[in-house]
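Structure first, commentary second.
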Amino acid sequence: MASENCFDVTKYPAGNPYEDIGAVINSIIADIKRGQPVSDLNDGGKPGAVIYIPPGDYRLVTQVVIDVSYLKIVGSGHGFTSSSIRFNVPANELRHWHEVWPGGSRVLVDTSPESADGEAAGAAFYVKRTGNPRISSVEFADFCIDGLHFIDDGSGQHDAENTYKNGKTGIYVGSANDSFRITGMGLIYLEHGVTVHDADALAIDNNFIAECGNCIELKGMGQASRIANNFVGAGYRGHSIFAENYGGVLISSNNVFPRGASSIYFSGVVRSAVTGNRFHSFYPGMLVLADNSCENLVSSNHLLRDREPWAPMQKYDNGLDDLFGLLRIDGSNNSVIANHISETIDTQYIKPIAAKPVIINLVSGSGNYIANNHIVTTTEKSQSSDAPESACFSTQVGALLSTSNLETLEVTAVKVQEGSVRNTVLDSGSDEQVQLDRTMNAFRATPVIGWP
C-alpha cells in the first residue's frame with residue numbers, strides 16, 4: 001500500500017519542479033500540514049513525510065520554507081563536481097569534458113538574494129518555527145544544492161567566479177532545533193553552505209561541502225552536535241567549519257581542503273573535541289580557538305600547510321601572515337595533544353620576509369596543555385601550473401606527495417605570549433623552538449641529537 005506521506009516532486013500535481021522546485025515543495029509541505037492537523041491522535045498524529053527528488057536538474061526560484069518536524073527531503077545522488085576548476089580553465093578545453101556541471105539530484109539555486117531583506121533571504125531551504133517544542137528531526141539527504149555562479153564583488157581585484165560572493169545559502173536553520181540530520185549532500189558555489197542556529201544534537205555527516213564561501217556554520221548557541229566524515233573546503237574569505245558559543249561539539253574524521261581562510265574557527269566554544277581529522281591549508285590560521293574558547297580537546301589530527309600550487313588561484317589568500325600561527329589559541333584549559341603538524345613552504349613566500357613562522361601561537365589563557373605534538377617544518381622550491389583540469393589535479397597531488405629534496409625550515413614551534421601563565425608545553429619543540437616565560441609556565445623540550 002502506497003504511503004500518503006511520501007511525495008515525489010516529479011509526480012506532484014501542482015507546479016513544475018523543473019522550473020521551480022521551491023514552489024512544488026512548499027505546496028507539498030502545505031499538504032502535509034493539512035493532512036496532519038492533530039498533534040495527539042492514537043499516541044501519534046503528526047508522523048511527518050518524505051519528499052523525494054529523483055536525479056535531474058531542478059531550478060529553485062521560490063525559497064523553500066520548512067516549519068514542520070519529521071520531514072525528510074531526499075534525492076538519489078549528491079552530484080558534486082568541481083565548478084572552480086570548470087570556471088578556471090580555458091573555454092576551449094570544456095568542449096572535451098564529459099560533463100561540465102554538477103549532477104545527481106541537483107537543485108539549481110536561481111534566486112536573487114541581493115534584492116531581498118535579511119541574512120536568511122538568500123537561503124534555498126529556510127527552516128524556522130516559533131513556539132514549543134523546538135522543530136525536530138528535519139533531514140536533508142543525498143542531493144546537490146548548486147549556487148551556480150559567484151558574482152563580481154565590485155573590488156576589481158577578483159575574477160567574478162572566484163569571489164565566493166553571491167548572497168546564496170544552501171540550508172539555513174533560523175530557530176532552535178533538535179536532532180536535525182544533514183547527510184550525503186553535495187553543496188557547491190554558495191556563499192554559505194549550511195548555517196544552523198541554536199542546534200541540539202545536530203548531525204552533519206558524510207557530505208561533500210566545498211567551493212563555498214563558508215561551508216558549515218554553527219551560530220547562536222548550541223550543544224551536543226557532530227560534524228564527521230565530511231569532505232569540506234571553503235574559499236579564502238571564509239571558514240570551512242565555524243562554531244560560536246557551542247558546547248559539546250564533536251568534529252572528527254573530516255578531510256578539510258586547503259583554500260578556506262580557516263579549517264576550523266571556534267569562537268567561545270567550550271568542552272568540545274577536534275579529533276582524527278586531516279586539515280590542509282594554503283594559509284596561516286588554519287585552526288583557531290578564539291574568544292575565550294576553553295576546555296577543548298584537539299588531538300590526533302594531521303595538519304598540513306603549504307602554498308597554493310595552481311597558478312589561477314595563487315593571487316588569493318586570507319590576509320594573515322606567518323606570525324599569526326597555524327594553530328592559534330585564545331582561551332584556557334585546552335588540550336592540544338599528539339597532533340602531527342607539517343609546514344612545507346619556499347622561504348620566499350613567508351610573510352613578513354625572513355620571519356620565523358609560528359606553528360602554535362598561544363595568545364591568551366592559562367592551564368592549557370600542549371604535549372607530544374610532532375612538528376615537521378621544511379622548505380623547497382615551489383612549482384606551479386596554469387594548465388587545464390588534468391594539470392590542476394596532477395600539480396596539486398604532486399605537490400602534496402613531494403617529500404624529497406627538502407631542507408629544514410626554522411620556525412617557532414610554540415609561542416606562549418606574555419601574560420599567558422600556568423600553561424604546560426611538553427615535547428612539542430626543541431629548546432630553541434619554543435618561546436615562553438619559563439618562570440610562569442611549565443616546559444619540557446623535545447630531545448634533539450646531541451642533547452645532553
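FYI, nothing fancy with the C-alpha cells labels: chains A, B, ... in order, residues from 1 per chain, ligands from 1 as they appear.
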Using DSSP secondary structure from the backbone, list all strand (DSSP E or B) positions within region 296-397 of chain A, as number ranges by chain. A: 297-299, 302-305, 310, 327-330, 335-337, 340-344, 358-364, 369-371, 374-379, 385
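Every protein or nucleic acid residue with an atom no more than 7 Å from region 440-442 of chain A, counting only C-alpha atoms and leaving out same-chain residues fewer than 6 positions away, appears here: Val421, Arg422, Asn423, Thr424 and Val425 of chain A.
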Could you write out that same residue set with C-alpha atoms as a PDB file, in the first residue's frame?
```
ATOM      1  CA  VAL A 421      50.588  31.773  32.608  1.00  0.00           C
ATOM      2  CA  ARG A 422      50.322  28.329  34.188  1.00  0.00           C
ATOM      3  CA  ASN A 423      50.382  26.617  30.808  1.00  0.00           C
ATOM      4  CA  THR A 424      52.253  23.366  30.130  1.00  0.00           C
ATOM      5  CA  VAL A 425      54.277  22.682  26.980  1.00  0.00           C
TER       6      VAL A 425
END
```
To test your reading of the structure, identify every residue in region 32-169 of chain A that backbone DSSP assigns to helix (DSSP H, G or I), and report it as a list of chain:residue names.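 Answer for region 32-169 of chain A restricted to helix (DSSP H, G or I) is A:Ile32, A:Lys33, A:Arg34, A:Gly35, A:Ser83, A:Ser84, A:Ile85, A:Arg86, A:Phe87, A:Ala91, A:Asn92, A:Glu93, A:Leu94, A:Pro113, A:Glu114, A:Ser115, A:Ala160, A:Glu161, A:Asn162.
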Selection to disk with N, CA and C atoms, as a CSV table (one decimal), in the first residue's frame:
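Dumped everything to part02.csv:
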```csv
chain,number,residue,atom,x,y,z
A,32,ILE,N,1.1,18.4,3.6
A,32,ILE,CA,1.4,17.6,4.8
A,32,ILE,C,0.7,18.2,6.1
A,33,LYS,N,0.7,19.5,6.2
A,33,LYS,CA,0.1,20.2,7.3
A,33,LYS,C,-1.4,20.0,7.3
A,34,ARG,N,-2.0,20.1,6.1
A,34,ARG,CA,-3.5,19.8,6.1
A,34,ARG,C,-3.8,18.4,6.4
A,35,GLY,N,-2.9,17.4,6.0
A,35,GLY,CA,-3.2,16.0,6.3
A,35,GLY,C,-2.9,15.6,7.7
A,83,SER,N,33.3,23.0,-9.7
A,83,SER,CA,32.9,24.1,-10.5
A,83,SER,C,34.1,25.1,-10.6
A,84,SER,N,34.9,25.2,-9.5
A,84,SER,CA,36.1,26.1,-9.5
A,84,SER,C,37.0,25.7,-10.7
A,85,ILE,N,37.3,24.4,-10.9
A,85,ILE,CA,38.2,24.0,-12.0
A,85,ILE,C,37.5,24.4,-13.3
A,86,ARG,N,36.2,24.1,-13.4
A,86,ARG,CA,35.4,24.4,-14.6
A,86,ARG,C,35.5,25.9,-15.0
A,87,PHE,N,35.5,26.8,-14.0
A,87,PHE,CA,35.5,28.2,-14.3
A,87,PHE,C,36.9,28.8,-14.4
A,91,ALA,N,38.1,28.2,-22.1
A,91,ALA,CA,36.8,27.8,-22.6
A,91,ALA,C,36.9,26.7,-23.6
A,92,ASN,N,38.0,26.7,-24.4
A,92,ASN,CA,38.2,25.7,-25.5
A,92,ASN,C,38.4,24.3,-24.9
A,93,GLU,N,38.8,24.2,-23.6
A,93,GLU,CA,39.0,22.9,-23.0
A,93,GLU,C,37.7,22.3,-22.7
A,94,LEU,N,36.7,23.1,-22.4
A,94,LEU,CA,35.4,22.5,-22.0
A,94,LEU,C,34.7,21.6,-23.0
A,113,PRO,N,19.0,37.0,-4.2
A,113,PRO,CA,19.0,37.4,-2.8
A,113,PRO,C,19.5,38.8,-2.6
A,114,GLU,N,20.2,39.4,-3.6
A,114,GLU,CA,20.7,40.8,-3.4
A,114,GLU,C,19.5,41.8,-3.2
A,115,SER,N,18.3,41.4,-3.7
A,115,SER,CA,17.2,42.3,-3.6
A,115,SER,C,16.3,42.0,-2.4
A,160,ALA,N,35.2,37.3,-11.2
A,160,ALA,CA,33.8,37.1,-10.7
A,160,ALA,C,33.6,35.7,-10.1
A,161,GLU,N,34.0,34.7,-10.8
A,161,GLU,CA,33.7,33.3,-10.4
A,161,GLU,C,34.6,32.8,-9.3
A,162,ASN,N,35.5,33.7,-8.8
A,162,ASN,CA,36.4,33.4,-7.7
A,162,ASN,C,36.2,34.3,-6.5
```
My list of candidates is A:Asn206, A:Ser263, A:Ser366, A:Gln314. Which is closest to Ser293 (chain A) when distances are computed with only C-alpha atoms? A:Ser366
For Ile370 (chain A), which residue out of A:Lys356, A:Lys415, A:Lys11, A:Lys351 is the nearest one, using only C-alpha atoms?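 For Ile370 (chain A), the nearest of the candidates is A:Lys415.
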Residue among A:Gly174, A:Gly213, A:Gly268, A:Pro54 lying closest to Asn292 (chain A), counting only C-alpha atoms: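 Of the candidates, the smallest distance to Asn292 (chain A) is held by A:Gly268.
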Compile the contact shell of region 244-251 of chain A as a PDB file with C-alpha atoms, in the first residue's frame: residues with an atom at most 6 Å away, counting only C-alpha atoms, same-chain residues fewer than 6 positions apart removed.
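Result went into around.pdb, see below:
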```
ATOM      1  CA  LYS A 219      25.692  30.079  15.125  1.00  0.00           C
ATOM      2  CA  MET A 221      24.345  28.788  20.752  1.00  0.00           C
ATOM      3  CA  GLY A 222      24.042  25.026  20.918  1.00  0.00           C
ATOM      4  CA  GLN A 223      25.236  21.721  22.265  1.00  0.00           C
ATOM      5  CA  ALA A 224      25.994  18.054  21.653  1.00  0.00           C
ATOM      6  CA  SER A 225      26.373  18.242  17.882  1.00  0.00           C
ATOM      7  CA  ARG A 226      28.548  16.288  15.456  1.00  0.00           C
ATOM      8  CA  ILE A 227      30.409  17.137  12.260  1.00  0.00           C
ATOM      9  CA  ALA A 228      32.008  13.961  10.958  1.00  0.00           C
ATOM     10  CA  PHE A 266      35.884  28.337  17.213  1.00  0.00           C
ATOM     11  CA  SER A 267      34.502  31.482  18.864  1.00  0.00           C
ATOM     12  CA  GLY A 268      33.607  30.992  22.507  1.00  0.00           C
ATOM     13  CA  VAL A 269      33.327  27.222  22.066  1.00  0.00           C
ATOM     14  CA  VAL A 270      33.826  25.084  25.167  1.00  0.00           C
ATOM     15  CA  ARG A 271      34.229  21.431  26.121  1.00  0.00           C
ATOM     16  CA  SER A 272      34.369  20.190  22.555  1.00  0.00           C
ATOM     17  CA  ALA A 273      36.601  17.736  20.694  1.00  0.00           C
ATOM     18  CA  VAL A 274      38.510  18.002  17.415  1.00  0.00           C
TER      19      VAL A 274
END
```
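Rounded to one decimal, CA of Asn255 (chain A) and CA of Cys215 (chain A) lie 12.8 Å from each other.
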Residue neighbourhood Asp67 (chain A), 7 Å, only C-alpha atoms, exclusion window fewer than 4 positions, as a PDB file with N, CA and C atoms, in the first residue's frame:
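The file below, out-v1.pdb, is the result:
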```pdb
ATOM      1  N   VAL A 127      14.605  26.921   7.302  1.00  0.00           N
ATOM      2  CA  VAL A 127      13.904  26.180   8.348  1.00  0.00           C
ATOM      3  C   VAL A 127      13.720  27.089   9.552  1.00  0.00           C
ATOM      4  N   LYS A 128      12.470  27.283   9.951  1.00  0.00           N
ATOM      5  CA  LYS A 128      12.221  28.103  11.134  1.00  0.00           C
ATOM      6  C   LYS A 128      10.810  27.858  11.636  1.00  0.00           C
ATOM      7  N   ARG A 129      10.687  27.735  12.986  1.00  0.00           N
ATOM      8  CA  ARG A 129       9.369  27.638  13.606  1.00  0.00           C
ATOM      9  C   ARG A 129       9.442  28.185  15.017  1.00  0.00           C
TER      10      ARG A 129
END
```
Which is closer to Phe208 (chain A) than all the others in A:Phe80, A:Tyr265, A:Tyr164, A:Phe242, using only C-alpha atoms?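 Closest to Phe208 (chain A), using only C-alpha atoms: A:Phe80.
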I'd like to know which of A:Leu406, A:Val194, A:Ala123, A:Ile216 is closest to Asn166 (chain A), using only C-alpha atoms. A:Ala123
Distance query Val38 (chain A) at most 12 Å, only C-alpha atoms, self and fewer than 6 positions along chain excluded, as a PDB file with C-alpha atoms, in the first residue's frame:
```pdb
ATOM      1  CA  ILE A  32       1.423  17.640   4.847  1.00  0.00           C
ATOM      2  CA  GLY A  44       0.743   9.987  17.368  1.00  0.00           C
ATOM      3  CA  GLY A  45      -0.862  12.290  14.860  1.00  0.00           C
ATOM      4  CA  LYS A  46       1.958  14.048  13.021  1.00  0.00           C
ATOM      5  CA  PRO A  47       4.379  11.491  11.582  1.00  0.00           C
ATOM      6  CA  GLY A  48       5.831  13.900   9.040  1.00  0.00           C
TER       7      GLY A  48
END
```
I want to know what sits within 10 Å of Asp431 (chain A), based on only C-alpha atoms, with residues of the same chain fewer than 4 positions away left out; could you give that as a PyMOL selection string? chain A and resi 413+427+435+443-448+451
Choose the residue, out of A:Ser175, A:Thr169, A:Gln433, A:Asn207, that has the smallest atom-to-atom separation from Gly193 (chain A); count only C-alpha atoms.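 Among the listed residues, the smallest separation from Gly193 (chain A) belongs to A:Thr169.
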